[in-house]
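Peer 1: Shown below is the structure under consideration.
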Amino acid sequence: MKDELDRDAIAGRLRQSGHAPALSGTELSVLSTKGVSHDHWRVADTGMVLRIPRMNQWGLGAEDALAYQAAAFERAAASGHTPRCRAVIEPDNTLPRGALLVDEIIGRAPELPRDLPAIAETLAAIHSLPVPADDQRAPLHIHRNPISSTLQTIEEQAAFLTEAHLAPESEAGIREDLEWVRDFAGQGEPDFAHCLVCTDAHPGNFLIDDRGKAWFVDLEKALYGAVPIDLAHVTLVTSTGWDPDCRGDLSASDVARFYQRYLELVGRERATELGPWLLPLRRLTWLRTITWFVRWKVEWSGTGHAAMRDSTMAAHIRTHVDRCFAPDIVAATRSDWLDPTL
(Lines give C-alpha, C1' and ligand atoms only; values in the text may rest on other atoms or scores of the structure.)
Protein backbone atom coordinates (compact mmCIF):
# COMPACT_ATOMS: atom_id res chain seq x y z
CA MET A 1 0.00 0.00 0.00
CA LYS A 2 1.34 3.43 -0.87
CA ASP A 3 1.52 5.62 2.23
CA GLU A 4 0.32 9.03 1.12
CA LEU A 5 0.74 10.68 4.55
CA ASP A 6 3.70 12.95 5.26
CA ARG A 7 5.64 11.36 8.14
CA ASP A 8 7.76 14.43 8.85
CA ALA A 9 4.70 16.66 9.05
CA ILE A 10 2.94 14.18 11.33
CA ALA A 11 6.02 13.97 13.55
CA GLY A 12 5.88 17.77 13.78
CA ARG A 13 2.25 17.63 14.91
CA LEU A 14 3.16 15.09 17.59
CA ARG A 15 6.07 17.21 18.80
CA GLN A 16 3.70 20.16 19.12
CA SER A 17 1.36 18.01 21.23
CA GLY A 18 4.14 17.63 23.79
CA HIS A 19 3.84 13.82 23.86
CA ALA A 20 6.82 13.11 21.60
CA PRO A 21 9.12 16.16 21.86
CA ALA A 22 12.11 14.71 19.99
CA LEU A 23 10.27 12.64 17.39
CA SER A 24 11.42 12.47 13.78
CA GLY A 25 9.46 11.18 10.80
CA THR A 26 11.68 8.12 10.46
CA GLU A 27 10.67 7.04 13.97
CA LEU A 28 7.04 6.56 12.92
CA SER A 29 6.49 2.99 11.78
CA VAL A 30 3.33 1.49 10.31
CA LEU A 31 1.97 -1.06 12.76
CA SER A 32 -1.20 -2.07 10.92
CA THR A 33 -3.28 -0.99 7.93
CA LYS A 34 -5.71 -3.90 7.97
CA GLY A 35 -8.57 -2.09 9.70
CA VAL A 36 -11.48 -0.95 7.57
CA SER A 37 -11.61 2.47 9.24
CA HIS A 38 -8.18 3.09 10.77
CA ASP A 39 -4.45 2.72 10.35
CA HIS A 40 -2.14 2.37 13.35
CA TRP A 41 1.41 3.74 13.51
CA ARG A 42 3.89 3.05 16.32
CA VAL A 43 5.40 6.25 17.73
CA ALA A 44 9.08 5.37 18.27
CA ASP A 45 9.70 4.01 21.77
CA THR A 46 7.07 6.16 23.48
CA GLY A 47 4.74 3.23 24.22
CA MET A 48 2.06 4.96 22.19
CA VAL A 49 0.30 4.36 18.88
CA LEU A 50 -1.15 6.91 16.49
CA ARG A 51 -4.66 5.81 15.55
CA ILE A 52 -5.39 7.42 12.17
CA PRO A 53 -9.00 7.42 10.90
CA ARG A 54 -9.46 6.98 7.15
CA MET A 55 -13.27 6.91 7.17
CA ASN A 56 -16.18 6.77 9.60
CA GLN A 57 -18.75 4.03 9.07
CA TRP A 58 -21.47 6.10 10.74
CA GLY A 59 -20.84 9.05 8.46
CA LEU A 60 -19.62 11.36 11.24
CA GLY A 61 -17.50 14.36 10.32
CA ALA A 62 -13.82 14.28 11.26
CA GLU A 63 -14.06 16.38 14.42
CA ASP A 64 -17.22 14.66 15.68
CA ALA A 65 -15.73 11.23 15.03
CA LEU A 66 -12.58 12.11 16.99
CA ALA A 67 -14.58 13.49 19.91
CA TYR A 68 -16.74 10.38 19.94
CA GLN A 69 -13.79 8.01 20.04
CA ALA A 70 -11.91 10.06 22.61
CA ALA A 71 -14.93 9.92 24.92
CA ALA A 72 -15.29 6.17 24.38
CA PHE A 73 -11.62 5.51 25.19
CA GLU A 74 -11.84 7.73 28.29
CA ARG A 75 -14.89 5.95 29.68
CA ALA A 76 -13.79 2.42 28.86
CA ALA A 77 -10.29 2.86 30.33
CA ALA A 78 -11.68 2.54 33.86
CA SER A 79 -12.29 -1.15 33.12
CA GLY A 80 -8.55 -1.79 33.00
CA HIS A 81 -9.04 -3.70 29.75
CA THR A 82 -8.74 -0.97 27.11
CA PRO A 83 -5.88 1.39 26.17
CA ARG A 84 -5.95 4.99 27.33
CA CYS A 85 -6.19 7.90 24.93
CA ARG A 86 -3.34 10.33 25.62
CA ALA A 87 -4.08 13.07 23.09
CA VAL A 88 -6.42 14.14 20.32
CA ILE A 89 -4.66 15.40 17.18
CA GLU A 90 -7.12 17.71 15.45
CA PRO A 91 -7.70 17.46 11.67
CA ASP A 92 -5.56 19.54 9.32
CA ASN A 93 -3.96 19.16 5.88
CA THR A 94 -1.46 16.67 7.30
CA LEU A 95 -4.09 14.46 8.92
CA PRO A 96 -7.42 15.27 7.22
CA ARG A 97 -9.42 13.23 9.75
CA GLY A 98 -7.09 13.90 12.68
CA ALA A 99 -5.83 11.10 14.92
CA LEU A 100 -5.79 9.78 18.46
CA LEU A 101 -2.64 9.04 20.39
CA VAL A 102 -3.32 5.93 22.49
CA ASP A 103 -1.34 3.54 24.64
CA GLU A 104 0.23 0.67 22.72
CA ILE A 105 -0.91 -2.73 23.91
CA ILE A 106 1.80 -5.33 23.42
CA GLY A 107 0.07 -8.57 22.65
CA ARG A 108 -0.91 -11.19 20.13
CA ALA A 109 -4.12 -11.93 18.30
CA PRO A 110 -6.48 -14.26 20.20
CA GLU A 111 -6.36 -17.97 19.51
CA LEU A 112 -9.83 -19.46 19.13
CA PRO A 113 -11.39 -21.04 21.08
CA ARG A 114 -8.60 -21.01 23.71
CA ASP A 115 -8.76 -17.29 24.50
CA LEU A 116 -12.54 -16.95 24.66
CA PRO A 117 -12.57 -17.04 28.50
CA ALA A 118 -10.17 -14.07 28.59
CA ILE A 119 -12.41 -12.18 26.16
CA ALA A 120 -15.42 -12.97 28.36
CA GLU A 121 -13.57 -11.46 31.34
CA THR A 122 -12.79 -8.29 29.39
CA LEU A 123 -16.38 -7.85 28.28
CA ALA A 124 -17.64 -8.43 31.83
CA ALA A 125 -15.26 -5.71 33.08
CA ILE A 126 -16.35 -3.19 30.42
CA HIS A 127 -20.03 -3.99 30.84
CA SER A 128 -19.75 -3.56 34.62
CA LEU A 129 -18.64 0.08 34.42
CA PRO A 130 -20.99 2.63 36.01
CA VAL A 131 -23.36 4.20 33.52
CA PRO A 132 -23.52 8.03 33.58
CA ALA A 133 -26.79 9.87 34.01
CA ASP A 134 -28.74 10.40 30.80
CA ASP A 135 -27.55 13.96 30.36
CA GLN A 136 -23.89 12.90 30.77
CA ARG A 137 -23.78 10.13 28.16
CA ALA A 138 -23.20 12.29 25.08
CA PRO A 139 -21.46 12.16 22.67
CA LEU A 140 -21.85 8.38 22.90
CA HIS A 141 -24.99 6.99 21.35
CA ILE A 142 -27.67 5.44 23.51
CA HIS A 143 -29.65 2.47 22.24
CA ARG A 144 -32.56 2.89 24.63
CA ASN A 145 -34.47 0.44 22.46
CA PRO A 146 -31.73 -1.88 21.20
CA ILE A 147 -34.00 -4.07 19.12
CA SER A 148 -35.66 -1.27 17.18
CA SER A 149 -32.36 0.66 16.96
CA THR A 150 -30.58 -2.36 15.53
CA LEU A 151 -33.50 -3.06 13.22
CA GLN A 152 -33.16 0.45 11.81
CA THR A 153 -29.50 -0.28 10.97
CA ILE A 154 -30.44 -3.64 9.49
CA GLU A 155 -33.12 -2.09 7.28
CA GLU A 156 -30.69 0.54 5.97
CA GLN A 157 -28.18 -2.15 5.09
CA ALA A 158 -30.71 -4.65 3.77
CA ALA A 159 -31.79 -2.10 1.16
CA PHE A 160 -28.75 -3.31 -0.82
CA LEU A 161 -29.75 -6.98 -0.68
CA THR A 162 -31.07 -7.30 -4.23
CA GLU A 163 -27.97 -5.62 -5.68
CA ALA A 164 -25.67 -8.06 -3.85
CA HIS A 165 -26.73 -10.94 -6.14
CA LEU A 166 -26.43 -13.66 -3.51
CA ALA A 167 -27.25 -17.31 -4.02
CA PRO A 168 -31.06 -17.68 -3.92
CA GLU A 169 -30.95 -19.93 -0.84
CA SER A 170 -28.80 -17.43 1.06
CA GLU A 171 -30.93 -14.44 0.15
CA ALA A 172 -34.07 -16.35 1.09
CA GLY A 173 -32.62 -17.20 4.52
CA ILE A 174 -31.69 -13.58 5.18
CA ARG A 175 -35.12 -12.38 4.09
CA GLU A 176 -36.82 -14.93 6.35
CA ASP A 177 -34.88 -13.62 9.31
CA LEU A 178 -35.71 -10.06 8.27
CA GLU A 179 -39.38 -10.93 8.54
CA TRP A 180 -38.74 -12.49 11.93
CA VAL A 181 -36.96 -9.42 13.31
CA ARG A 182 -39.67 -7.06 12.07
CA ASP A 183 -42.22 -9.08 14.02
CA PHE A 184 -39.88 -9.50 17.00
CA ALA A 185 -39.30 -5.74 17.23
CA GLY A 186 -43.02 -5.24 17.71
CA GLN A 187 -43.10 -7.43 20.80
CA GLY A 188 -41.26 -5.09 23.14
CA GLU A 189 -37.74 -4.23 24.23
CA PRO A 190 -35.49 -5.95 26.79
CA ASP A 191 -36.08 -5.05 30.42
CA PHE A 192 -32.46 -5.54 31.52
CA ALA A 193 -30.18 -2.61 32.33
CA HIS A 194 -28.07 -1.27 29.48
CA CYS A 195 -24.37 -0.53 29.81
CA LEU A 196 -21.29 0.53 27.88
CA VAL A 197 -20.87 -2.01 25.08
CA CYS A 198 -18.15 -2.47 22.46
CA THR A 199 -20.52 -3.05 19.50
CA ASP A 200 -17.70 -4.17 17.16
CA ALA A 201 -16.58 -6.99 19.44
CA HIS A 202 -15.18 -9.41 16.85
CA PRO A 203 -12.16 -11.36 18.21
CA GLY A 204 -9.70 -9.49 15.99
CA ASN A 205 -10.37 -6.32 17.99
CA PHE A 206 -8.81 -7.91 21.08
CA LEU A 207 -5.14 -8.42 21.94
CA ILE A 208 -3.84 -10.99 24.43
CA ASP A 209 -0.89 -9.84 26.54
CA ASP A 210 1.86 -12.06 28.00
CA ARG A 211 -0.23 -12.67 31.12
CA GLY A 212 -3.16 -13.97 29.08
CA LYS A 213 -5.25 -10.85 29.67
CA ALA A 214 -7.47 -9.71 26.80
CA TRP A 215 -7.55 -6.02 25.82
CA PHE A 216 -10.24 -4.50 23.62
CA VAL A 217 -8.56 -1.94 21.36
CA ASP A 218 -11.17 -0.56 18.92
CA LEU A 219 -13.70 1.74 20.55
CA GLU A 220 -14.93 3.47 17.40
CA LYS A 221 -18.48 2.16 17.83
CA ALA A 222 -18.83 1.93 21.61
CA LEU A 223 -22.23 3.03 22.91
CA TYR A 224 -24.74 2.43 25.68
CA GLY A 225 -26.76 -0.62 24.71
CA ALA A 226 -27.42 -4.32 25.09
CA VAL A 227 -24.87 -6.84 26.38
CA PRO A 228 -26.15 -9.85 24.35
CA ILE A 229 -25.19 -8.08 21.10
CA ASP A 230 -21.54 -7.96 22.19
CA LEU A 231 -21.60 -11.60 23.28
CA ALA A 232 -23.05 -12.69 19.95
CA HIS A 233 -20.61 -10.61 17.94
CA VAL A 234 -17.61 -12.35 19.52
CA THR A 235 -18.73 -15.83 18.51
CA LEU A 236 -20.70 -15.67 15.24
CA VAL A 237 -18.97 -17.04 12.14
CA THR A 238 -19.18 -13.61 10.54
CA SER A 239 -16.77 -12.46 13.28
CA THR A 240 -14.52 -15.45 13.87
CA GLY A 241 -13.11 -15.29 10.34
CA TRP A 242 -13.04 -11.52 9.88
CA ASP A 243 -9.44 -10.93 10.98
CA PRO A 244 -6.76 -12.86 9.04
CA ASP A 245 -4.65 -13.09 12.21
CA CYS A 246 -7.49 -14.43 14.33
CA ARG A 247 -9.52 -17.14 12.65
CA GLY A 248 -11.24 -20.23 13.94
CA ASP A 249 -14.45 -22.19 13.59
CA LEU A 250 -16.23 -22.55 16.90
CA SER A 251 -18.33 -25.53 17.90
CA ALA A 252 -21.64 -25.14 19.69
CA SER A 253 -19.84 -26.29 22.86
CA ASP A 254 -17.18 -23.58 22.44
CA VAL A 255 -19.87 -20.92 22.14
CA ALA A 256 -21.84 -22.30 25.09
CA ARG A 257 -18.73 -22.30 27.30
CA PHE A 258 -18.03 -18.67 26.35
CA TYR A 259 -21.55 -17.60 27.31
CA GLN A 260 -21.41 -19.62 30.50
CA ARG A 261 -18.10 -18.06 31.55
CA TYR A 262 -19.50 -14.57 31.00
CA LEU A 263 -22.67 -15.34 32.96
CA GLU A 264 -20.61 -16.73 35.85
CA LEU A 265 -18.60 -13.50 35.96
CA VAL A 266 -21.60 -11.17 36.07
CA GLY A 267 -23.44 -13.14 38.75
CA ARG A 268 -26.68 -15.07 39.03
CA GLU A 269 -29.05 -12.10 39.16
CA ARG A 270 -27.64 -10.50 36.00
CA ALA A 271 -27.42 -13.89 34.27
CA THR A 272 -31.08 -14.56 34.97
CA GLU A 273 -31.96 -11.13 33.62
CA LEU A 274 -30.01 -11.65 30.38
CA GLY A 275 -30.76 -15.32 29.77
CA PRO A 276 -34.04 -15.11 27.79
CA TRP A 277 -32.52 -12.55 25.41
CA LEU A 278 -29.26 -14.27 24.49
CA LEU A 279 -30.50 -16.34 21.57
CA PRO A 280 -32.91 -13.84 19.95
CA LEU A 281 -30.30 -11.08 20.14
CA ARG A 282 -27.77 -13.48 18.65
CA ARG A 283 -30.11 -13.77 15.68
CA LEU A 284 -30.50 -9.98 15.59
CA THR A 285 -26.70 -9.51 15.65
CA TRP A 286 -26.16 -11.93 12.79
CA LEU A 287 -28.67 -9.97 10.74
CA ARG A 288 -26.91 -6.72 11.60
CA THR A 289 -23.58 -8.18 10.50
CA ILE A 290 -24.67 -10.11 7.43
CA THR A 291 -26.54 -7.08 6.09
CA TRP A 292 -23.42 -4.98 6.78
CA PHE A 293 -21.64 -7.50 4.54
CA VAL A 294 -24.33 -6.91 1.94
CA ARG A 295 -23.75 -3.17 2.03
CA TRP A 296 -19.98 -3.67 1.99
CA LYS A 297 -20.27 -5.89 -1.08
CA VAL A 298 -22.39 -3.36 -2.98
CA GLU A 299 -20.97 -0.02 -1.79
CA TRP A 300 -17.50 -0.48 -0.29
CA SER A 301 -15.80 -3.44 -1.97
CA GLY A 302 -14.44 -1.40 -4.88
CA THR A 303 -10.66 -1.06 -4.93
CA GLY A 304 -10.91 2.74 -4.91
CA HIS A 305 -12.79 2.92 -1.60
CA ALA A 306 -10.98 4.03 1.56
CA ALA A 307 -12.02 0.79 3.30
CA MET A 308 -10.09 -1.23 0.71
CA ARG A 309 -6.75 0.56 0.77
CA ASP A 310 -4.84 -2.51 2.08
CA SER A 311 -4.86 -4.97 -0.81
CA THR A 312 -4.02 -8.01 1.34
CA MET A 313 -6.80 -7.28 3.84
CA ALA A 314 -9.20 -6.43 1.02
CA ALA A 315 -8.60 -9.85 -0.57
CA HIS A 316 -9.13 -11.56 2.79
CA ILE A 317 -12.37 -9.67 3.43
CA ARG A 318 -13.72 -10.62 0.00
CA THR A 319 -12.99 -14.29 0.66
CA HIS A 320 -14.50 -14.16 4.15
CA VAL A 321 -17.64 -12.32 3.06
CA ASP A 322 -18.19 -14.76 0.18
CA ARG A 323 -17.81 -17.66 2.60
CA CYS A 324 -20.36 -16.17 5.01
CA PHE A 325 -22.81 -15.77 2.11
CA ALA A 326 -22.42 -19.42 1.07
CA PRO A 327 -25.73 -21.30 1.43
CA ASP A 328 -24.27 -23.98 3.72
CA ILE A 329 -22.72 -21.39 6.06
CA VAL A 330 -25.92 -19.32 6.15
CA ALA A 331 -27.90 -22.46 6.96
CA ALA A 332 -25.45 -23.62 9.65
CA THR A 333 -25.46 -20.20 11.30
CA ARG A 334 -29.24 -19.96 11.31
CA SER A 335 -29.49 -23.40 12.90
CA ASP A 336 -28.43 -21.74 16.18
CA TRP A 337 -31.95 -20.35 16.48
CA LEU A 338 -33.97 -22.51 14.09
CA ASP A 339 -32.72 -25.79 15.59
CA PRO A 340 -30.90 -24.54 18.69
CA THR A 341 -28.23 -26.62 20.38
CA LEU A 342 -26.75 -23.77 22.45
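In the C-alpha coordinates, the first chain shown is A, the next is B, and so on; residue numbers restart at 1 for each chain, and ligands run from 1 in the order shown.
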Could you pull out the alpha helix (DSSP H) residues of segment 159-259 of chain A, going by DSSP on the backbone, and write them as a ChimeraX atom specification?

Peer 2: /A:168-185,227-235,237-240,252-259

Peer 1: Counting only C-alpha atoms, what is within 12 Å of Ala256 of chain A, bar same-chain residues fewer than 4 positions away, as a PyMOL selection string?

Peer 2: chain A and resi 113+116-117+120+231-232+235-236+250-252+260-263+278-279+336+340-342

Peer 1: Show me, as a tab-separated table, the residues of segment 20-41 of chain A having an atom within 12 Å of segment 104-107 of chain A, each with the closest atom pair and its distance in Å, using only C-alpha atoms.

Peer 2:
```
residue	atom	partner	partner_atom	distance
A:Leu31	CA	A:Glu104	CA	10.3
A:His40	CA	A:Glu104	CA	9.8
A:Trp41	CA	A:Glu104	CA	9.8
```

Peer 1: If DSSP is run on the backbone, what residues of segment 41-78 of chain A are strand (DSSP E)? A reply as a list in words would be ideal.

Peer 2: Trp41, Arg42, Val43, Met48, Val49, Leu50, Arg51, Ile52 and Pro53 of chain A

Peer 1: Between A:Ala67, A:Leu284, A:Asp6, A:His202, single out the one closest to Gln152 of chain A, counting only C-alpha atoms.

Peer 2: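 Selected residue with least distance to Gln152 of chain A: A:Leu284.
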